[in-house]
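Structure file upload.csv (CSV, C-alpha atoms) is printed below.
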```csv
chain,number,residue,atom,x,y,z
A,1,MET,CA,100.2,131.6,60.2
A,2,SER,CA,101.3,128.0,60.3
A,3,LEU,CA,99.3,125.1,59.0
A,4,SER,CA,99.3,121.4,59.7
A,5,ARG,CA,101.2,119.0,57.4
A,6,THR,CA,98.0,117.7,55.9
A,7,GLN,CA,96.5,121.1,55.2
A,8,SER,CA,99.8,122.3,53.7
A,9,LEU,CA,99.9,119.3,51.4
A,10,ARG,CA,96.3,119.8,50.3
A,11,LEU,CA,96.8,123.5,49.7
A,12,ALA,CA,100.0,122.8,47.8
A,13,ALA,CA,98.3,120.3,45.6
A,14,VAL,CA,95.5,122.8,44.7
A,15,LEU,CA,98.1,125.5,44.0
A,16,GLU,CA,100.1,123.2,41.8
A,17,GLU,CA,97.0,122.4,39.8
A,18,CYS,CA,96.3,126.2,39.4
A,19,SER,CA,99.9,126.7,38.3
A,20,ASN,CA,99.5,124.0,35.7
A,21,GLN,CA,96.3,125.6,34.4
A,22,LEU,CA,98.1,128.9,34.2
A,23,ASP,CA,101.0,127.3,32.3
A,24,ILE,CA,98.5,125.8,29.9
A,25,VAL,CA,96.8,129.2,29.4
A,26,GLY,CA,100.1,130.9,28.9
A,27,HIS,CA,101.2,128.3,26.3
A,28,SER,CA,98.0,128.8,24.4
A,29,LEU,CA,98.4,132.5,24.4
A,30,THR,CA,102.0,132.1,23.2
A,31,VAL,CA,100.7,129.9,20.3
A,32,GLN,CA,98.0,132.3,19.4
A,33,MET,CA,100.4,135.3,19.4
A,34,GLY,CA,103.0,133.4,17.4
A,35,GLY,CA,100.6,131.9,14.8
A,36,GLU,CA,99.4,133.2,11.6
A,37,CYS,CA,96.5,134.9,13.2
A,38,ALA,CA,98.9,137.0,15.3
A,39,ILE,CA,100.6,138.3,12.2
A,40,ALA,CA,97.4,139.9,10.9
A,41,ARG,CA,96.3,141.0,14.4
A,42,PRO,CA,96.8,144.8,15.1
A,43,GLU,CA,99.3,145.8,17.7
A,44,LEU,CA,96.5,147.3,19.9
A,45,GLN,CA,94.8,143.9,20.1
A,46,ARG,CA,98.1,142.1,20.8
A,47,ALA,CA,99.0,144.3,23.8
A,48,PRO,CA,96.2,143.0,26.1
A,49,MET,CA,97.2,139.4,25.3
A,50,THR,CA,100.9,140.2,26.1
A,51,LYS,CA,99.9,141.8,29.4
A,52,LEU,CA,97.7,138.8,30.2
A,53,GLN,CA,100.6,136.4,29.4
A,54,LEU,CA,103.0,138.4,31.7
A,55,ASP,CA,100.4,138.5,34.5
A,56,GLY,CA,100.0,134.7,34.1
A,57,GLN,CA,103.8,134.1,34.4
A,58,TYR,CA,104.0,136.4,37.4
A,59,ILE,CA,101.1,134.6,39.2
A,60,SER,CA,102.7,131.2,38.3
A,61,GLN,CA,106.0,132.2,39.9
A,62,LEU,CA,104.2,133.4,43.0
A,63,VAL,CA,102.3,130.2,43.2
A,64,ALA,CA,105.5,128.2,42.8
A,65,LYS,CA,107.1,130.2,45.7
A,66,LEU,CA,104.0,129.7,47.8
A,67,VAL,CA,104.0,125.9,47.1
A,68,SER,CA,107.7,125.7,48.0
A,69,GLU,CA,107.1,127.5,51.3
A,70,LEU,CA,104.1,125.4,52.2
A,71,GLU,CA,106.1,122.2,51.6
A,72,ARG,CA,109.1,123.5,53.6
A,73,LYS,CA,107.6,125.6,56.4
A,74,GLN,CA,103.8,124.9,56.4
A,75,SER,CA,103.1,128.7,56.2
A,76,PHE,CA,102.3,131.3,53.5
A,77,THR,CA,104.2,134.4,54.6
A,78,CYS,CA,105.5,135.1,51.1
A,79,LEU,CA,101.8,135.7,50.0
A,80,GLN,CA,101.4,138.3,52.7
A,81,GLN,CA,104.7,139.9,51.6
A,82,VAL,CA,103.6,140.0,48.0
A,83,LEU,CA,100.2,141.5,49.0
A,84,GLU,CA,102.0,144.2,51.1
A,85,ALA,CA,104.4,144.9,48.2
A,86,GLU,CA,101.4,145.1,45.8
A,87,ASP,CA,99.6,147.6,48.1
A,88,LYS,CA,102.8,149.6,48.4
A,89,ARG,CA,103.2,149.6,44.5
A,90,LYS,CA,99.6,150.7,44.1
A,91,ARG,CA,100.1,153.5,46.6
A,92,ASP,CA,103.3,154.6,44.8
A,93,GLU,CA,101.5,154.5,41.5
A,94,ASN,CA,98.6,156.7,42.9
A,95,ILE,CA,101.2,159.1,44.3
A,96,LEU,CA,103.0,159.2,40.9
A,97,LYS,CA,99.7,159.8,39.1
A,98,GLU,CA,98.8,162.6,41.5
A,99,ASP,CA,102.2,164.2,41.1
A,100,LYS,CA,101.9,163.8,37.3
A,101,ALA,CA,98.5,165.4,37.3
A,102,GLU,CA,99.8,168.2,39.5
A,103,ARG,CA,102.7,168.7,37.1
A,104,ASP,CA,100.3,168.8,34.1
A,105,ARG,CA,98.1,171.3,35.9
A,106,ARG,CA,101.1,173.5,36.8
A,107,LYS,CA,102.4,173.2,33.2
A,108,GLN,CA,99.0,174.3,31.8
A,109,THR,CA,99.0,177.2,34.3
A,110,LEU,CA,102.5,178.2,33.3
A,111,GLN,CA,101.6,178.0,29.6
A,112,ARG,CA,98.6,180.3,30.2
A,113,GLN,CA,100.8,182.7,32.1
A,114,GLN,CA,103.4,182.6,29.2
A,115,GLU,CA,100.6,183.3,26.7
A,116,LYS,CA,99.4,186.2,28.8
A,117,LEU,CA,103.0,187.5,29.1
A,118,GLN,CA,103.5,187.1,25.4
A,119,GLN,CA,100.3,189.1,24.7
A,120,GLN,CA,101.5,191.8,27.1
A,121,ASN,CA,104.9,191.8,25.4
A,122,GLU,CA,103.2,192.2,22.0
A,123,LYS,CA,101.1,195.1,23.4
A,124,LEU,CA,104.2,196.6,24.9
A,125,THR,CA,106.0,196.2,21.6
A,126,GLU,CA,103.1,197.9,19.8
A,127,ILE,CA,103.1,200.7,22.3
A,128,GLN,CA,106.9,201.1,21.9
A,129,GLN,CA,106.5,201.3,18.2
A,130,VAL,CA,103.8,204.0,18.6
A,131,VAL,CA,106.1,205.9,20.9
A,132,LYS,CA,108.9,205.5,18.4
A,133,ASP,CA,106.7,206.9,15.6
A,134,LEU,CA,105.6,209.7,17.8
A,135,ARG,CA,109.1,210.6,18.7
A,136,HIS,CA,110.0,210.5,15.0
A,137,GLN,CA,107.1,212.9,14.3
A,138,LEU,CA,108.0,215.1,17.1
A,139,SER,CA,111.6,215.2,16.1
A,140,GLU,CA,110.5,216.6,12.8
A,141,ARG,CA,108.2,219.3,14.3
A,142,PRO,CA,109.2,219.7,17.9
A,143,THR,CA,107.0,221.9,20.1
A,144,LYS,CA,106.7,222.4,23.8
A,145,ALA,CA,103.3,220.8,24.0
A,146,GLU,CA,104.3,217.8,22.0
A,147,LYS,CA,107.5,217.4,24.1
A,148,LYS,CA,105.4,217.6,27.2
A,149,LYS,CA,103.0,215.1,25.8
A,150,LEU,CA,105.8,212.8,24.7
A,151,ALA,CA,107.3,213.1,28.2
A,152,ASP,CA,104.0,212.2,29.8
A,153,LEU,CA,103.6,209.3,27.4
A,154,ASN,CA,107.1,208.1,28.1
A,155,THR,CA,106.4,208.3,31.9
A,156,ALA,CA,103.1,206.4,31.4
A,157,MET,CA,105.0,203.8,29.4
A,158,GLN,CA,107.6,203.5,32.1
A,159,VAL,CA,104.9,203.2,34.7
A,160,ARG,CA,103.1,200.6,32.6
A,161,LYS,CA,106.3,198.6,32.1
A,162,THR,CA,106.9,198.8,35.9
A,163,GLN,CA,103.4,197.6,36.6
A,164,ILE,CA,103.9,194.7,34.1
A,165,GLU,CA,107.1,193.7,35.7
A,166,THR,CA,105.6,193.9,39.1
A,167,SER,CA,102.6,191.8,38.0
A,168,GLN,CA,105.0,189.2,36.6
A,169,ALA,CA,107.0,189.2,39.8
A,170,GLU,CA,103.7,188.8,41.8
A,171,LYS,CA,102.6,185.9,39.6
A,172,GLN,CA,105.9,184.2,40.0
A,173,LEU,CA,105.7,184.7,43.8
A,174,GLU,CA,102.1,183.3,43.8
A,175,HIS,CA,103.3,180.4,41.7
A,176,GLN,CA,106.1,179.7,44.1
A,177,LEU,CA,103.7,180.1,47.1
A,178,GLU,CA,101.2,177.7,45.5
A,179,LYS,CA,104.1,175.2,44.9
A,180,LEU,CA,105.1,175.5,48.5
A,181,ARG,CA,101.5,175.0,49.6
A,182,GLU,CA,101.2,171.8,47.5
A,183,GLN,CA,104.6,170.6,48.9
A,184,LEU,CA,103.4,171.3,52.4
A,185,LYS,CA,100.1,169.4,51.7
A,186,HIS,CA,102.1,166.5,50.4
A,187,GLU,CA,104.4,166.4,53.3
A,188,LEU,CA,101.5,166.7,55.7
A,189,ARG,CA,99.8,163.7,53.9
A,190,VAL,CA,103.0,161.7,54.1
A,191,HIS,CA,103.4,162.6,57.8
A,192,GLU,CA,99.8,161.5,58.5
A,193,GLU,CA,100.3,158.3,56.7
A,194,SER,CA,103.6,157.6,58.5
A,195,GLN,CA,102.0,158.5,61.8
A,196,THR,CA,99.1,156.1,61.1
A,197,PHE,CA,101.5,153.4,60.1
A,198,LEU,CA,103.7,153.9,63.2
A,199,LEU,CA,100.6,153.8,65.5
A,200,ILE,CA,99.4,150.6,63.9
A,201,ARG,CA,102.9,149.1,64.1
A,202,HIS,CA,103.2,150.3,67.7
A,203,GLU,CA,99.9,148.5,68.6
A,204,GLU,CA,101.1,145.4,66.8
A,205,LEU,CA,104.4,145.5,68.7
A,206,LEU,CA,102.5,146.0,72.0
A,207,GLN,CA,100.3,143.0,71.3
A,208,GLN,CA,103.3,141.0,70.3
A,209,LEU,CA,105.1,142.1,73.5
A,210,GLN,CA,102.1,141.1,75.6
A,211,GLU,CA,102.0,137.8,73.8
A,212,TRP,CA,105.7,137.3,74.5
A,213,ARG,CA,105.2,138.2,78.1
A,214,ARG,CA,102.4,135.8,78.5
A,215,CYS,CA,104.4,133.0,76.8
A,216,THR,CA,107.4,133.9,79.1
A,217,GLN,CA,105.2,133.7,82.2
A,218,GLU,CA,103.8,130.4,81.1
A,219,MET,CA,107.3,129.1,80.3
A,220,LEU,CA,108.5,130.4,83.7
A,221,GLN,CA,105.7,128.7,85.5
A,222,GLU,CA,106.3,125.5,83.6
A,223,LYS,CA,110.1,125.7,84.4
A,224,LYS,CA,109.3,126.4,88.1
A,225,GLN,CA,107.0,123.4,88.1
A,226,GLN,CA,109.7,121.3,86.4
A,227,LEU,CA,112.3,122.6,88.9
A,228,HIS,CA,110.0,121.8,91.8
A,229,THR,CA,109.4,118.3,90.4
A,230,ALA,CA,113.1,117.8,89.9
A,231,VAL,CA,113.8,119.0,93.4
A,232,CYS,CA,111.2,116.5,94.8
A,233,LYS,CA,112.7,113.7,92.7
A,234,ARG,CA,116.2,114.7,93.8
A,235,THR,CA,115.0,114.6,97.4
A,236,GLU,CA,113.4,111.2,96.9
A,237,ASN,CA,116.5,110.0,95.1
A,238,SER,CA,118.7,111.3,97.9
A,239,ASN,CA,116.5,109.5,100.5
A,240,SER,CA,116.6,106.4,98.4
A,241,LEU,CA,120.3,106.7,98.0
A,242,VAL,CA,120.8,107.1,101.8
A,243,GLU,CA,118.5,104.1,102.4
A,244,MET,CA,120.5,102.1,99.7
A,245,GLN,CA,123.7,103.2,101.3
A,246,ARG,CA,122.5,102.0,104.7
A,247,THR,CA,121.3,98.7,103.1
A,248,MET,CA,124.7,98.4,101.3
A,249,ALA,CA,126.5,99.1,104.6
A,250,GLY,CA,124.4,96.4,106.3
A,251,MET,CA,125.0,94.0,103.4
A,252,GLU,CA,128.8,94.8,103.6
A,253,GLU,CA,128.8,94.0,107.3
A,254,VAL,CA,126.9,90.8,106.7
A,255,MET,CA,129.3,89.9,103.9
A,256,ILE,CA,132.3,90.7,106.1
A,257,GLU,CA,130.9,88.6,108.9
A,258,ASP,CA,130.2,85.8,106.4
A,259,MET,CA,133.8,86.1,105.0
A,260,LEU,CA,135.2,86.0,108.5
A,261,GLU,CA,133.1,83.0,109.5
A,262,LYS,CA,134.1,81.3,106.2
A,263,LYS,CA,137.7,82.1,106.8
A,264,GLU,CA,137.5,80.7,110.4
A,265,ARG,CA,135.7,77.6,109.1
A,266,GLU,CA,138.4,77.3,106.4
A,267,GLU,CA,141.1,77.7,109.0
A,268,GLU,CA,139.4,75.2,111.3
A,269,SER,CA,139.0,72.8,108.3
A,270,ARG,CA,142.6,73.3,107.4
A,271,ALA,CA,143.7,72.7,111.0
A,272,ALA,CA,141.5,69.6,111.2
A,273,LEU,CA,143.0,68.3,108.0
A,274,HIS,CA,146.5,68.9,109.4
A,275,ILE,CA,145.5,67.1,112.5
A,276,GLN,CA,143.9,64.2,110.6
A,277,ALA,CA,146.9,64.0,108.3
A,278,TRP,CA,149.3,64.0,111.3
A,279,CYS,CA,147.2,61.3,113.0
A,280,ARG,CA,147.0,59.2,109.9
A,281,GLY,CA,150.7,59.6,109.3
A,282,PHE,CA,151.4,58.7,112.9
A,283,LEU,CA,149.2,55.6,112.7
A,284,ALA,CA,150.7,54.7,109.3
A,285,ARG,CA,154.2,55.0,110.7
A,286,LYS,CA,153.2,53.0,113.8
A,287,VAL,CA,151.7,50.3,111.7
A,288,PHE,CA,154.6,50.3,109.4
A,289,ARG,CA,157.0,50.0,112.3
A,290,LEU,CA,155.1,47.2,113.9
A,291,ARG,CA,155.0,45.3,110.6
A,292,LYS,CA,158.7,45.9,110.2
A,293,GLU,CA,159.4,44.6,113.7
A,294,GLU,CA,157.2,41.6,113.1
A,295,GLU,CA,159.0,41.0,109.8
A,296,GLU,CA,162.4,41.3,111.5
A,297,LYS,CA,161.2,38.9,114.2
A,298,LYS,CA,160.1,36.4,111.6
A,299,ALA,CA,163.3,36.9,109.7
A,300,LYS,CA,165.3,36.2,112.9
A,301,LYS,CA,163.3,33.2,113.7
A,302,THR,CA,163.8,31.8,110.2
A,303,THR,CA,167.5,32.5,110.3
A,304,GLY,CA,167.7,31.0,113.8
A,305,GLY,CA,165.9,27.8,112.7
A,306,LYS,CA,168.1,27.5,109.7
A,307,LYS,CA,171.2,27.8,111.8
A,308,LYS,CA,169.9,25.1,114.2
A,309,LYS,CA,169.2,22.7,111.4
A,310,GLN,CA,172.6,23.3,110.0
A,311,LYS,CA,174.1,22.6,113.4
A,312,LYS,CA,172.1,19.4,113.7
A,313,LYS,CA,173.2,18.2,110.3
A,314,LYS,CA,176.7,18.8,111.3
```
What is this structure when it is put down as structure tokens?
Amino acid sequence: MSLSRTQSLRLAAVLEECSNQLDIVGHSLTVQMGGECAIARPELQRAPMTKLQLDGQYISQLVAKLVSELERKQSFTCLQQVLEAEDKRKRDENILKEDKAERDRRKQTLQRQQEKLQQQNEKLTEIQQVVKDLRHQLSERPTKAEKKKLADLNTAMQVRKTQIETSQAEKQLEHQLEKLREQLKHELRVHEESQTFLLIRHEELLQQLQEWRRCTQEMLQEKKQQLHTAVCKRTENSNSLVEMQRTMAGMEEVMIEDMLEKKEREEESRAALHIQAWCRGFLARKVFRLRKEEEEKKAKKTTGGKKKKQKKKK
């Protein structure tokens, strides 16, 4: 389960305060156990304080892990894991206690059987001693009746010994049968617990699978909607691109026409400038030639007048 950032920070602050309080309690217990009063305190009274101190340290470590996870991931999965581990430990302890009680019960039963067997062995020893005494007496005064009696007694002793051995074998077989029955019960109990756990896990996995399927369907619908939107946008963009291409083609044609017109105007202007320059040059040369001719005429007139004056002077 994930929390919001604000909730995680609030919970982390509360847990840090609890951790500080636990540290204070642990420190006070350490001081009490290490002080002078702890020296005179019996060992039986110090044991609960030691256990309380260890429990406080363990809880403080768990709180620190939980605070770290809340700050990093905004969740508290480690607490769930600790609770599951604690439940498993309690179940294991209960199973160990049951096994220990069963072993104690079997041990007591075996002790009682050993005591009975010891008593029967003592009785058998007494009977054997009696038989030995009787045999000794009969060996001193052997008669047919005594021999027959001794043979009957010996046969009875052999039968009694066989019955005792048979009884012991039956008890051992019953003990093994009881052990097998207890083992079968334990295996059946473990099988039922495993089956229950697997059924619960199967239901959880089915629910998780359904949730994943639902999320997948939602994501698929969302992706289809996004794909449809993207296709629509692509179509619109394609239409806009075609329209822009047409517009650009028209603009290019207009630009080409403008460039051609501009080029024609430039050529016309250049030609007009050439014509104007040629005309101006022609007019300038014509004017220059006329002026030159006039100057030559004037120069001739002046030179002719000077020659006439010179002639007149002569």
Rounded to one decimal place, report the CA of Glu267 (chain A)-CA of Val254 (chain A) distance in Å. 19.5 Å
Atom pair CA of Val63 (chain A) + CA of His27 (chain A), distance 17.0 Å
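Distance-wise, CA of Gln208 (chain A) and CA of Val82 (chain A) end up 22.3 Å apart.
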Looking at A:Ala85, A:Val131, A:Ala12, A:Leu177, which one is nearest to Ala156 (chain A), with distances taken over all atoms listed in the file? A:Val131
Would you kindly return, as a list in words, each protein, DNA or RNA residue with an atom no farther than 12 Å from any atom of Leu117 (chain A), considering only C-alpha atoms and excluding same-chain residues fewer than 5 positions away? Leu110, Gln111, Arg112, Glu122, Lys123, Leu124, Thr125, Lys161, Ile164, Glu165, Ser167, Gln168, Ala169, Lys171 and Gln172 of chain A
